[in-house]
Every structure is written in structure tokens, then in C-alpha cells.
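Have a look at protein12.cif below; it lists mmCIF, C-alpha atoms and all ligand atoms.
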data_protein
loop_
_atom_site.label_atom_id
_atom_site.label_comp_id
_atom_site.auth_asym_id
_atom_site.auth_seq_id
_atom_site.Cartn_x
_atom_site.Cartn_y
_atom_site.Cartn_z
CA MET A 1 -137.89 -32.28 -140.30
CA SER A 2 -137.74 -33.51 -143.88
CA LYS A 3 -138.30 -37.20 -144.46
CA LEU A 4 -135.38 -39.56 -144.91
CA ARG A 5 -135.49 -40.87 -148.49
CA VAL A 6 -134.73 -44.61 -148.48
CA ALA A 7 -134.40 -47.52 -150.89
CA VAL A 8 -134.51 -51.20 -149.98
CA SER A 9 -132.07 -53.40 -151.88
CA GLY A 10 -133.35 -56.98 -152.05
CA VAL A 11 -137.03 -57.53 -151.33
CA GLY A 12 -137.21 -61.27 -150.74
CA SER A 13 -138.35 -63.00 -147.60
CA LEU A 14 -136.95 -60.38 -145.20
CA GLY A 15 -136.57 -57.37 -147.52
CA GLN A 16 -140.35 -57.18 -148.03
CA HIS A 17 -140.63 -56.35 -144.31
CA HIS A 18 -137.94 -53.68 -144.65
CA ALA A 19 -140.09 -52.18 -147.43
CA ARG A 20 -143.30 -52.44 -145.38
CA ILE A 21 -141.73 -50.67 -142.41
CA ALA A 22 -140.04 -47.99 -144.54
CA ALA A 23 -143.34 -47.32 -146.33
CA ALA A 24 -145.23 -47.00 -143.03
CA SER A 25 -142.71 -44.98 -141.01
CA GLU A 26 -143.43 -41.32 -140.41
CA ARG A 27 -139.72 -40.62 -140.68
CA THR A 28 -139.18 -42.00 -144.18
CA GLU A 29 -140.21 -41.92 -147.78
CA LEU A 30 -139.71 -45.25 -149.55
CA VAL A 31 -138.35 -43.98 -152.86
CA ALA A 32 -137.82 -47.40 -154.48
CA VAL A 33 -137.23 -51.07 -154.01
CA VAL A 34 -134.32 -52.63 -155.88
CA ASP A 35 -134.29 -56.26 -156.92
CA PRO A 36 -132.88 -58.03 -160.00
CA SER A 37 -136.10 -60.05 -160.13
CA GLU A 38 -138.54 -57.77 -161.96
CA ALA A 39 -141.58 -59.81 -160.95
CA ARG A 40 -140.67 -59.74 -157.27
CA GLY A 41 -139.55 -56.11 -157.35
CA ARG A 42 -142.77 -54.93 -159.04
CA GLU A 43 -144.93 -57.02 -156.70
CA ILE A 44 -143.41 -55.45 -153.58
CA ALA A 45 -143.24 -51.96 -155.10
CA GLU A 46 -146.95 -52.09 -155.93
CA LYS A 47 -147.84 -53.44 -152.51
CA PHE A 48 -146.11 -50.55 -150.75
CA GLY A 49 -146.86 -47.74 -153.21
CA THR A 50 -143.38 -47.17 -154.58
CA SER A 51 -141.38 -47.88 -157.71
CA TRP A 52 -139.09 -50.75 -158.68
CA ALA A 53 -135.55 -50.51 -160.03
CA ALA A 54 -133.33 -53.32 -161.28
CA THR A 55 -130.12 -51.71 -160.03
CA LEU A 56 -129.11 -49.60 -157.06
CA ALA A 57 -127.19 -47.19 -159.33
CA GLU A 58 -130.52 -45.97 -160.78
CA VAL A 59 -131.89 -44.88 -157.41
CA LEU A 60 -128.79 -43.75 -155.50
CA PRO A 61 -129.04 -40.10 -156.64
CA SER A 62 -132.55 -39.83 -155.14
CA VAL A 63 -132.01 -41.40 -151.71
CA ASP A 64 -130.32 -40.58 -148.39
CA ALA A 65 -130.14 -44.14 -147.05
CA VAL A 66 -130.09 -47.73 -148.27
CA GLN A 67 -131.47 -50.78 -146.43
CA ILE A 68 -129.65 -53.85 -147.74
CA ALA A 69 -131.52 -57.13 -147.49
CA ALA A 70 -130.02 -58.87 -150.53
CA PRO A 71 -128.41 -62.34 -150.20
CA THR A 72 -125.36 -62.23 -147.92
CA GLY A 73 -122.93 -62.90 -150.78
CA PHE A 74 -123.84 -59.48 -152.28
CA HIS A 75 -123.62 -57.44 -149.07
CA HIS A 76 -120.09 -56.16 -149.59
CA LEU A 77 -120.63 -55.09 -153.20
CA ILE A 78 -123.91 -53.29 -152.52
CA GLY A 79 -122.61 -51.78 -149.27
CA ILE A 80 -119.48 -50.41 -150.93
CA GLU A 81 -121.55 -48.94 -153.77
CA ALA A 82 -123.92 -47.18 -151.34
CA LEU A 83 -121.10 -45.86 -149.14
CA ALA A 84 -119.12 -44.59 -152.14
CA ALA A 85 -122.21 -42.51 -153.00
CA GLY A 86 -122.22 -41.12 -149.43
CA LYS A 87 -125.44 -42.87 -148.31
CA HIS A 88 -126.34 -44.09 -144.82
CA VAL A 89 -126.56 -47.88 -144.80
CA ILE A 90 -128.25 -50.53 -142.73
CA MET A 91 -126.98 -53.97 -143.69
CA GLU A 92 -128.81 -57.18 -142.90
CA LYS A 93 -126.86 -59.65 -140.79
CA PRO A 94 -124.31 -61.09 -141.20
CA LEU A 95 -122.36 -57.98 -142.21
CA ALA A 96 -120.69 -60.00 -144.97
CA ALA A 97 -120.16 -63.58 -146.09
CA SER A 98 -116.47 -63.69 -145.14
CA LEU A 99 -113.99 -61.78 -143.01
CA SER A 100 -112.20 -60.43 -146.10
CA GLU A 101 -115.49 -59.04 -147.47
CA GLY A 102 -116.24 -57.63 -144.01
CA GLU A 103 -112.84 -55.93 -143.96
CA ALA A 104 -113.53 -54.40 -147.39
CA LEU A 105 -116.77 -52.97 -146.01
CA LEU A 106 -115.05 -51.53 -142.94
CA LYS A 107 -112.44 -49.92 -145.18
CA ALA A 108 -115.13 -48.37 -147.38
CA LEU A 109 -116.88 -47.12 -144.24
CA ARG A 110 -113.72 -45.47 -142.92
CA LEU A 111 -113.33 -43.62 -146.24
CA ALA A 112 -116.98 -42.58 -146.35
CA GLN A 113 -116.95 -41.38 -142.74
CA ALA A 114 -113.75 -39.42 -143.36
CA ALA A 115 -115.75 -37.47 -145.94
CA ASN A 116 -118.88 -37.30 -143.76
CA PRO A 117 -118.44 -38.12 -140.05
CA LYS A 118 -122.24 -38.09 -139.62
CA LEU A 119 -122.73 -41.03 -141.97
CA VAL A 120 -124.58 -43.87 -140.20
CA ALA A 121 -123.72 -47.53 -140.80
CA ALA A 122 -125.76 -50.10 -138.90
CA VAL A 123 -126.27 -53.86 -139.01
CA GLY A 124 -129.54 -55.76 -138.70
CA HIS A 125 -128.76 -57.74 -135.57
CA LEU A 126 -132.41 -57.48 -134.73
CA GLU A 127 -132.39 -59.59 -131.57
CA ARG A 128 -130.72 -56.65 -129.85
CA PHE A 129 -134.02 -54.83 -130.45
CA ASN A 130 -136.14 -57.68 -129.12
CA PRO A 131 -138.04 -56.10 -126.19
CA ALA A 132 -137.21 -59.10 -123.96
CA VAL A 133 -133.49 -58.65 -124.67
CA GLN A 134 -133.73 -54.92 -124.06
CA ALA A 135 -135.44 -55.63 -120.72
CA LEU A 136 -132.66 -58.05 -119.78
CA ARG A 137 -130.01 -55.46 -120.64
CA ARG A 138 -131.83 -52.78 -118.66
CA LEU A 139 -131.56 -55.04 -115.60
CA GLY A 140 -127.79 -54.92 -116.00
CA PHE A 141 -127.75 -58.73 -115.95
CA LYS A 142 -124.17 -60.02 -116.17
CA PRO A 143 -124.07 -63.68 -117.21
CA ARG A 144 -121.50 -66.18 -115.95
CA PHE A 145 -122.91 -69.13 -117.85
CA ALA A 146 -125.29 -68.89 -120.79
CA GLU A 147 -127.00 -71.32 -123.08
CA ALA A 148 -128.46 -70.17 -126.42
CA THR A 149 -130.54 -72.35 -128.71
CA ARG A 150 -131.70 -71.27 -132.15
CA VAL A 151 -133.12 -74.07 -134.28
CA SER A 152 -135.65 -74.22 -137.11
CA PRO A 153 -136.78 -76.39 -140.02
CA PHE A 154 -134.80 -75.99 -143.24
CA PRO A 155 -135.56 -72.53 -144.73
CA MET A 156 -134.74 -73.35 -148.40
CA ARG A 157 -132.73 -70.12 -148.64
CA SER A 158 -129.46 -68.63 -147.32
CA MET A 159 -127.84 -71.78 -148.65
CA GLU A 160 -124.68 -69.92 -149.67
CA VAL A 161 -123.58 -69.58 -146.02
CA ASP A 162 -123.45 -72.07 -143.17
CA VAL A 163 -125.74 -72.08 -140.14
CA ILE A 164 -123.02 -70.30 -138.16
CA MET A 165 -122.96 -67.12 -140.28
CA ASP A 166 -126.67 -67.32 -141.03
CA VAL A 167 -128.23 -68.20 -137.67
CA MET A 168 -125.71 -68.59 -134.84
CA ILE A 169 -124.37 -65.10 -135.57
CA HIS A 170 -127.45 -63.64 -133.80
CA ASP A 171 -126.46 -65.30 -130.52
CA LEU A 172 -122.76 -64.61 -130.95
CA ASP A 173 -123.52 -60.90 -131.32
CA LEU A 174 -125.85 -60.98 -128.32
CA LEU A 175 -123.38 -62.83 -126.11
CA LEU A 176 -120.62 -60.35 -126.97
CA ALA A 177 -122.96 -57.46 -126.18
CA LEU A 178 -124.10 -58.97 -122.86
CA TRP A 179 -120.62 -59.96 -121.71
CA GLY A 180 -118.95 -56.78 -122.94
CA LYS A 181 -115.71 -58.79 -123.15
CA PRO A 182 -114.02 -60.59 -126.06
CA VAL A 183 -114.20 -64.33 -126.57
CA MET A 184 -111.04 -66.05 -125.39
CA SER A 185 -111.47 -69.55 -126.75
CA VAL A 186 -113.86 -71.54 -128.90
CA GLU A 187 -114.62 -75.24 -129.17
CA ALA A 188 -117.23 -76.49 -131.61
CA VAL A 189 -118.66 -79.49 -133.40
CA GLY A 190 -121.02 -79.53 -136.36
CA VAL A 191 -122.12 -81.40 -139.45
CA PRO A 192 -123.53 -80.69 -142.90
CA VAL A 193 -126.91 -82.37 -143.32
CA LEU A 194 -128.83 -80.85 -146.25
CA THR A 195 -126.21 -78.46 -147.71
CA LYS A 196 -122.49 -78.71 -148.25
CA TYR A 197 -121.99 -76.42 -145.23
CA ALA A 198 -122.53 -77.07 -141.53
CA ASP A 199 -126.29 -77.13 -140.89
CA LEU A 200 -126.13 -78.13 -137.23
CA VAL A 201 -123.52 -76.75 -134.84
CA ASN A 202 -122.81 -76.70 -131.13
CA ALA A 203 -120.16 -74.33 -129.82
CA ARG A 204 -118.67 -73.61 -126.42
CA LEU A 205 -117.18 -70.18 -125.83
CA SER A 206 -115.18 -68.85 -122.93
CA PHE A 207 -114.89 -65.13 -122.33
CA GLU A 208 -112.02 -62.97 -121.18
CA GLY A 209 -112.44 -62.23 -117.50
CA GLY A 210 -114.44 -65.43 -116.97
CA GLY A 211 -117.71 -66.96 -118.03
CA PHE A 212 -118.86 -69.58 -120.52
CA ALA A 213 -121.61 -70.03 -123.08
CA THR A 214 -122.85 -72.95 -125.10
CA VAL A 215 -124.57 -72.09 -128.35
CA THR A 216 -126.59 -74.44 -130.52
CA ALA A 217 -127.80 -73.55 -134.00
CA SER A 218 -129.60 -75.80 -136.44
CA ARG A 219 -131.53 -75.29 -139.67
CA VAL A 220 -132.52 -78.95 -139.86
CA ALA A 221 -134.75 -79.17 -136.80
CA ARG A 222 -138.36 -80.35 -136.71
CA LYS A 223 -139.60 -77.30 -134.84
CA LYS A 224 -138.58 -73.70 -134.23
CA GLU A 225 -136.99 -72.75 -130.94
CA ARG A 226 -135.15 -69.53 -130.08
CA THR A 227 -134.27 -69.41 -126.42
CA PHE A 228 -131.60 -68.07 -124.11
CA ARG A 229 -130.91 -69.03 -120.50
CA ALA A 230 -128.24 -67.51 -118.32
CA PHE A 231 -126.96 -67.71 -114.79
CA GLY A 232 -125.41 -64.60 -113.27
CA GLU A 233 -124.32 -63.89 -109.74
CA ASN A 234 -127.37 -64.82 -107.63
CA ALA A 235 -129.66 -64.51 -110.64
CA TYR A 236 -131.12 -66.64 -113.42
CA ALA A 237 -132.73 -65.39 -116.63
CA SER A 238 -134.72 -67.37 -119.16
CA LEU A 239 -135.75 -65.67 -122.37
CA ASP A 240 -137.87 -66.71 -125.33
CA PHE A 241 -137.14 -64.54 -128.38
CA ALA A 242 -140.28 -65.57 -130.23
CA THR A 243 -142.79 -64.85 -127.46
CA GLN A 244 -140.69 -61.98 -126.05
CA LYS A 245 -141.03 -63.47 -122.56
CA LEU A 246 -138.36 -63.05 -119.91
CA GLU A 247 -138.32 -64.80 -116.56
CA VAL A 248 -135.84 -63.62 -113.92
CA LEU A 249 -135.22 -65.37 -110.60
CA ARG A 250 -133.03 -63.88 -107.90
CA LEU A 251 -131.39 -65.61 -104.96
CA VAL A 252 -131.93 -63.37 -101.95
CA ALA A 253 -131.35 -63.65 -98.22
CA GLY A 254 -134.65 -64.67 -96.58
CA ALA A 255 -135.58 -64.91 -92.90
CA ASP A 256 -134.81 -68.66 -92.88
CA GLY A 257 -131.94 -68.70 -95.31
CA PRO A 258 -131.54 -68.11 -99.07
CA GLU A 259 -134.74 -67.78 -101.08
CA VAL A 260 -135.40 -67.81 -104.81
CA VAL A 261 -137.65 -64.87 -105.69
CA PRO A 262 -139.17 -64.18 -109.12
CA GLU A 263 -138.67 -60.65 -110.41
CA VAL A 264 -141.43 -59.02 -112.42
CA VAL A 265 -140.07 -57.54 -115.64
CA ASP A 266 -142.07 -55.03 -117.68
CA ILE A 267 -141.96 -55.80 -121.38
CA VAL A 268 -143.89 -53.90 -124.03
CA GLN A 269 -144.03 -56.31 -126.95
CA ASP A 270 -143.18 -54.89 -130.36
CA GLU A 271 -141.67 -55.92 -133.70
CA PRO A 272 -137.85 -56.03 -133.35
CA LEU A 273 -137.29 -55.17 -137.04
CA LYS A 274 -139.47 -52.08 -136.72
CA LEU A 275 -137.61 -50.95 -133.59
CA GLU A 276 -134.27 -51.58 -135.30
CA LEU A 277 -135.19 -49.61 -138.43
CA GLU A 278 -136.74 -46.73 -136.49
CA ALA A 279 -133.50 -46.48 -134.46
CA PHE A 280 -131.57 -46.36 -137.76
CA TYR A 281 -133.83 -43.67 -139.25
CA THR A 282 -133.54 -41.64 -136.03
CA ALA A 283 -129.73 -41.89 -136.11
CA CYS A 284 -129.65 -40.87 -139.80
CA GLN A 285 -131.70 -37.80 -138.92
CA GLY A 286 -129.06 -36.81 -136.39
CA GLU A 287 -131.02 -37.73 -133.27
CA ALA A 288 -129.96 -40.25 -130.64
CA GLY A 289 -130.74 -43.67 -132.09
CA GLU A 290 -128.92 -46.74 -130.81
CA THR A 291 -127.81 -48.95 -133.67
CA VAL A 292 -125.53 -52.00 -133.93
CA SER A 293 -122.21 -50.85 -135.35
CA TRP A 294 -120.33 -52.50 -138.19
CA SER A 295 -117.38 -53.07 -135.88
CA ASP A 296 -119.61 -54.97 -133.42
CA ALA A 297 -121.02 -57.02 -136.31
CA PHE A 298 -117.50 -57.71 -137.57
CA GLU A 299 -116.49 -58.89 -134.10
CA ALA A 300 -119.40 -61.37 -134.14
CA MET A 301 -118.17 -62.55 -137.56
CA ARG A 302 -114.68 -63.02 -136.17
CA VAL A 303 -116.05 -65.32 -133.47
CA ALA A 304 -118.22 -67.06 -136.09
CA GLU A 305 -115.10 -67.69 -138.12
CA GLN A 306 -113.42 -69.28 -135.07
CA VAL A 307 -116.48 -71.52 -134.71
CA GLN A 308 -116.21 -72.41 -138.41
CA ARG A 309 -112.57 -73.40 -137.98
CA ALA A 310 -113.35 -75.54 -134.94
CA VAL A 311 -116.20 -77.24 -136.81
CA ALA A 312 -113.94 -77.93 -139.80
CA LYS A 313 -111.46 -79.54 -137.44
CA SER A 314 -114.17 -81.65 -135.80
CA LEU A 315 -115.25 -82.86 -139.24
CA GLU A 316 -111.78 -84.22 -139.95
CA SER A 317 -112.50 -86.96 -137.43
CA LEU A 318 -115.54 -88.07 -139.48
CA GLN A 319 -113.52 -88.76 -142.63
N1 LIG B 401 -132.14 -60.29 -139.29
C1 LIG B 401 -132.70 -61.46 -139.49
O1 LIG B 401 -133.25 -62.07 -138.58
C2 LIG B 401 -132.71 -62.05 -140.87
C3 LIG B 401 -133.69 -62.99 -141.22
C4 LIG B 401 -133.68 -63.47 -142.53
C5 LIG B 401 -132.72 -63.05 -143.42
N2 LIG B 401 -131.77 -62.17 -143.02
C6 LIG B 401 -130.73 -61.71 -143.96
O2 LIG B 401 -131.36 -61.00 -145.01
C7 LIG B 401 -130.69 -61.24 -146.24
C8 LIG B 401 -131.71 -61.73 -147.26
O3 LIG B 401 -132.24 -62.95 -146.80
P1 LIG B 401 -133.67 -63.48 -147.32
O4 LIG B 401 -133.98 -64.66 -146.52
O5 LIG B 401 -134.65 -62.35 -147.39
O6 LIG B 401 -133.27 -63.92 -148.80
P2 LIG B 401 -134.24 -64.15 -150.05
O7 LIG B 401 -133.52 -65.08 -150.95
O8 LIG B 401 -135.62 -64.49 -149.61
O9 LIG B 401 -134.32 -62.71 -150.74
C9 LIG B 401 -133.24 -62.09 -151.35
C10 LIG B 401 -133.78 -61.09 -152.40
O10 LIG B 401 -132.66 -60.35 -152.89
C11 LIG B 401 -132.75 -60.29 -154.31
N3 LIG B 401 -131.41 -60.11 -154.84
C12 LIG B 401 -130.55 -61.02 -155.36
N4 LIG B 401 -129.42 -60.41 -155.77
C13 LIG B 401 -129.56 -59.10 -155.49
C14 LIG B 401 -128.75 -57.96 -155.71
N5 LIG B 401 -127.53 -58.06 -156.24
N6 LIG B 401 -129.23 -56.74 -155.35
C15 LIG B 401 -130.45 -56.62 -154.77
N7 LIG B 401 -131.28 -57.69 -154.55
C16 LIG B 401 -130.83 -58.89 -154.91
C17 LIG B 401 -133.41 -61.59 -154.69
O11 LIG B 401 -134.01 -61.48 -155.99
C18 LIG B 401 -134.44 -61.75 -153.59
O12 LIG B 401 -135.66 -61.10 -153.89
C19 LIG B 401 -129.56 -62.22 -145.92
O13 LIG B 401 -128.38 -61.52 -145.70
C20 LIG B 401 -130.00 -62.87 -144.61
O14 LIG B 401 -128.91 -63.29 -143.81
C21 LIG B 401 -131.76 -61.64 -141.78
#
Take the structure in the file and write it out as C-alpha cells.
Ligand SMILES: NC(=O)c1ccc[n+]([C@@H]2O[C@H](COP(=O)([O-])OP(=O)(O)OC[C@H]3O[C@@H](n4cnc5c(N)ncnc54)[C@H](O)[C@@H]3O)[C@@H](O)[C@H]2O)c1
Amino acid sequence: MSKLRVAVSGVGSLGQHHARIAAASERTELVAVVDPSEARGREIAEKFGTSWAATLAEVLPSVDAVQIAAPTGFHHLIGIEALAAGKHVIMEKPLAASLSEGEALLKALRLAQAANPKLVAAVGHLERFNPAVQALRRLGFKPRFAEATRVSPFPMRSMEVDVIMDVMIHDLDLLLALWGKPVMSVEAVGVPVLTKYADLVNARLSFEGGGFATVTASRVARKKERTFRAFGENAYASLDFATQKLEVLRLVAGADGPEVVPEVVDIVQDEPLKLELEAFYTACQGEAGETVSWSDAFEAMRVAEQVQRAVAKSLESLQ
């Protein structure tokens, strides 16, 4: 099979890893990296044996797919440009900076897929590819109550969006995927600390058909923590995204009454971004490759927007 020709748009903190993986994959040829910063673009191009371009328009005729890892505020413009040229796209999360930009992307996708139904559009919700999360999903674990925590020191980037769209969106997407049901109601509180947007947020979601989750996201914490705990019917799961560890306890009937029994879960540790991109390349080449759809990513944005509204309301009480 011929190699998928790809370009990476935006090779900053995360995009450099997109370039590394595209350069190393047996499925792809990294045709170019695109970045308005010549110094950064040339540095990454040289490191991964490819060329640099200042604009996507220059490279579009020579590629089949575009990996977009530019700042979130540019996602819709770059995505629409790539789709209009008929290219497969994987967009970093969040899909877009706002619901209206997300809708513009979905509209462009509908048009592009009308012309080519095989066109692949994926989103970089990489926690779905975390081996610990995949193990949890394989168990068919259905949560009734979940608690997600995702906190880190201030990153000094992604300052054009709040912690909800930047960080909490990972857990919102995951919760929607695990529950398989829409969110029914949202309560949330949050405050800006170092930016003009909310930097620290706690939200409580309830799902259609039952079940609740509390989600905490902060980019002003002293230490990093990315964890998820959930109670299902007669089962408890505790997951650490960073170490890719998953602990499952089941409540079973023992000889002398109920017993809590640990379940051994096989996890083969791997890099989530690599798994996510390989799944995208596989899908682009027409083989079965499970990717996160733009409609799923838009749904996570819709919940994020409800959290934003609840936070804005909570802030009124501070004034
Ligand atoms: N999936 C994840 O876990 C994860 C983690 C980090 C970042 N991200 C996402 O990746 C994206 C980039 O984040 P980052 O932290 O790497 O940002 P960054 O600021 O480190 O890098 C962005 C790069 O894009 C370049 N750029 C700016 N405008 C551009 C344009 N119009 N076209 C192409 N490139 C352009 C910049 O010069 C820079 O090199 C964001 O959408 C962010 O939400 C996702």
C-alpha cells in the first residue's frame, strides 16, 4: 500500500510530537511541517527530516492528510481550508474555540464528505487511546458515579481558551463516551486566577437515564494529577492517566456474605498520541481504525459550553 502523505500544521509543544510520530510511522510520509514561525518550523523540519512551509496552501497539493496542532483559535480556519482541498484531517482537541466555529467545521465536513464519503475527520481526544481507558472500556464498565480530576501547574500557553475547553474537555469527552448517554444537567463553579478566563473549575453533571459525575480541572495547581474514579453496579474503578494504571474492585457473593475482590486487568502501556495517530492513518488508508468523530468532539464542546455558562453565573455572585 502506498504511504499516506501528511503535513503537520503547527509544530509547537504538541505538534512536534505529531511530526515525530508521522516521521516514524511505517504508514506515512511526513511531507512538510507548517508553522508561521520560521525558526520553529525549520527546527522541527530538520529534526524529522522534512521541509518547512509557512502556509498550508503551499503543501496542500502534495498531501493526503493534515494533522492540525495549531492554537485552538485557528482550528476552524485551517480545518476548513484542508477539507475544501479534500484532505483527511485530524484536529487537536478541542475541535474549535467556540460552538459557532465548531458548527462551521461540521458544515465544511458535510460538504467535503458529500464529495468524498471516504474522507476521514478525527479529533485528538487522546485519552480515549490511553491503554488504561481502553482496558476500562473493554471491561464494559458502566459508571453510576464518577469523579475526574485533571490539574497541573500553569502551562504558559493555551491562554486564549479557558481551562474548560483546554483541559476539562478531555474528561467531558470521556464521560460521554463511557456513559453513552447525553448530559441532562450541569452545575459548575470556577474562577479566573492567572488569566481573564476560568483557570479552576468544578462541575457536576447528571446524565440521561441516571448517573452523576463531578469533574475538576485546574491549570493553577502545584502538581500534576490526572485521575478518574468511578463506581458502577457492584464495581469500582480507579484509573491514573499518567501511569496508565487501572485498579478494578468487584463486589461478589462470597461464602460468608459479600466480598470485595480485585480484578486483574491486562494493560500494555503505550503512547496514547501514537495510538491515536496510527488509528487515524489506518482509517485514512481505508482499513478499520477507530477514531474520535467530529460530532462526538462537538458534543463534548456543547457540554463544555454549558459548564462555561454555569461558571459565568457562579461568578456573578463574586461581584
Ligand atoms: N491532546 C492533548 O492532550 C493536547 C495537549 C496539548 C495541546 N493540545 C492542543 O494542541 C493545540 C496546540 O497546542 P500547543 O500547546 O502545542 O500550542 P503551542 O503554542 O505550543 O504551539 C502552537 C504552534 O502553532 C503555531 N501556529 C500559530 N499559528 C498557526 C497557524 N495559523 N498555522 C499553523 N501553525 C500555527 C505556533 O507558531 C506554534 O509553533 C491546541 O489546540 C491545544 O488545545 C492538545
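Nearest-residue note for Pro131 of chain A: choosing from A:Met1, A:Cys284, A:Leu239, A:Val186, the minimum distance belongs to A:Leu239, counting all atoms listed in the file.
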As a ChimeraX atom specification, please: the residues near Glu46 of chain A (cut-off 12 Å, all atoms listed in the file, same-chain neighbours under 6 positions excluded). /A:16,19-20,23,30,32-33,38-40,52
Residue subset to file, keeping C-alpha atoms, as a compact mmCIF listing (two decimals), keeping the file's coordinate frame:
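After the write, selection-v8.txt holds the following:
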# COMPACT_ATOMS: atom_id res chain seq x y z
CA GLN A 16 -140.35 -57.18 -148.03
CA ALA A 19 -140.09 -52.18 -147.43
CA ARG A 20 -143.30 -52.44 -145.38
CA ALA A 23 -143.34 -47.32 -146.33
CA LEU A 30 -139.71 -45.25 -149.55
CA ALA A 32 -137.82 -47.40 -154.48
CA VAL A 33 -137.23 -51.07 -154.01
CA GLU A 38 -138.54 -57.77 -161.96
CA ALA A 39 -141.58 -59.81 -160.95
CA ARG A 40 -140.67 -59.74 -157.27
CA TRP A 52 -139.09 -50.75 -158.68
Kindly provide the residues of segment 42-160 of chain A that approach segment 260-270 of chain A to within 12 Å, each paired with its closest atom pair and their distance in Å to one decimal, based on all atoms listed in the file, listed by chain and increasing number, as a Markdown table.
| residue | atom | partner | partner_atom | distance |
| --- | --- | --- | --- | --- |
| A:Leu126 | CA | A:Asp270 | CA | 11.9 |
| A:Glu127 | CA | A:Asp270 | CA | 11.8 |
| A:Phe129 | CA | A:Asp270 | CA | 9.2 |
| A:Asn130 | CA | A:Asp270 | CA | 7.7 |
| A:Pro131 | CA | A:Gln269 | CA | 6.0 |
| A:Ala132 | CA | A:Ile267 | CA | 6.3 |
| A:Val133 | CA | A:Ile267 | CA | 9.5 |
| A:Gln134 | CA | A:Ile267 | CA | 8.7 |
| A:Ala135 | CA | A:Ile267 | CA | 6.6 |
| A:Leu136 | CA | A:Val265 | CA | 8.5 |
| A:Arg137 | CA | A:Val265 | CA | 11.4 |
| A:Arg138 | CA | A:Val265 | CA | 10.0 |
| A:Leu139 | CA | A:Val265 | CA | 8.9 |
Test item: residues lying within 8 Å of ligand LIG 401 (chain B) with all atoms listed in the file, as number ranges by chain: A: 9-16, 34-37, 40-41, 54-56, 68-75, 78, 91-96, 124-127, 157-158, 165-167, 170, 273
Contacts of Ala198 of chain A at 8 Å or less, counting all atoms listed in the file, minus same-chain residues fewer than 4 places along, as an MDAnalysis selection string? chainID A and resid 162:164 190:193 311
Selection above as a file: C-alpha atoms, as a PDB file, in the coordinates of the input:
ATOM      1  CA  ASP A 162    -123.450 -72.070-143.170  1.00  0.00           C
ATOM      2  CA  VAL A 163    -125.740 -72.080-140.140  1.00  0.00           C
ATOM      3  CA  ILE A 164    -123.020 -70.300-138.160  1.00  0.00           C
ATOM      4  CA  GLY A 190    -121.020 -79.530-136.360  1.00  0.00           C
ATOM      5  CA  VAL A 191    -122.120 -81.400-139.450  1.00  0.00           C
ATOM      6  CA  PRO A 192    -123.530 -80.690-142.900  1.00  0.00           C
ATOM      7  CA  VAL A 193    -126.910 -82.370-143.320  1.00  0.00           C
ATOM      8  CA  VAL A 311    -116.200 -77.240-136.810  1.00  0.00           C
TER       9      VAL A 311
END
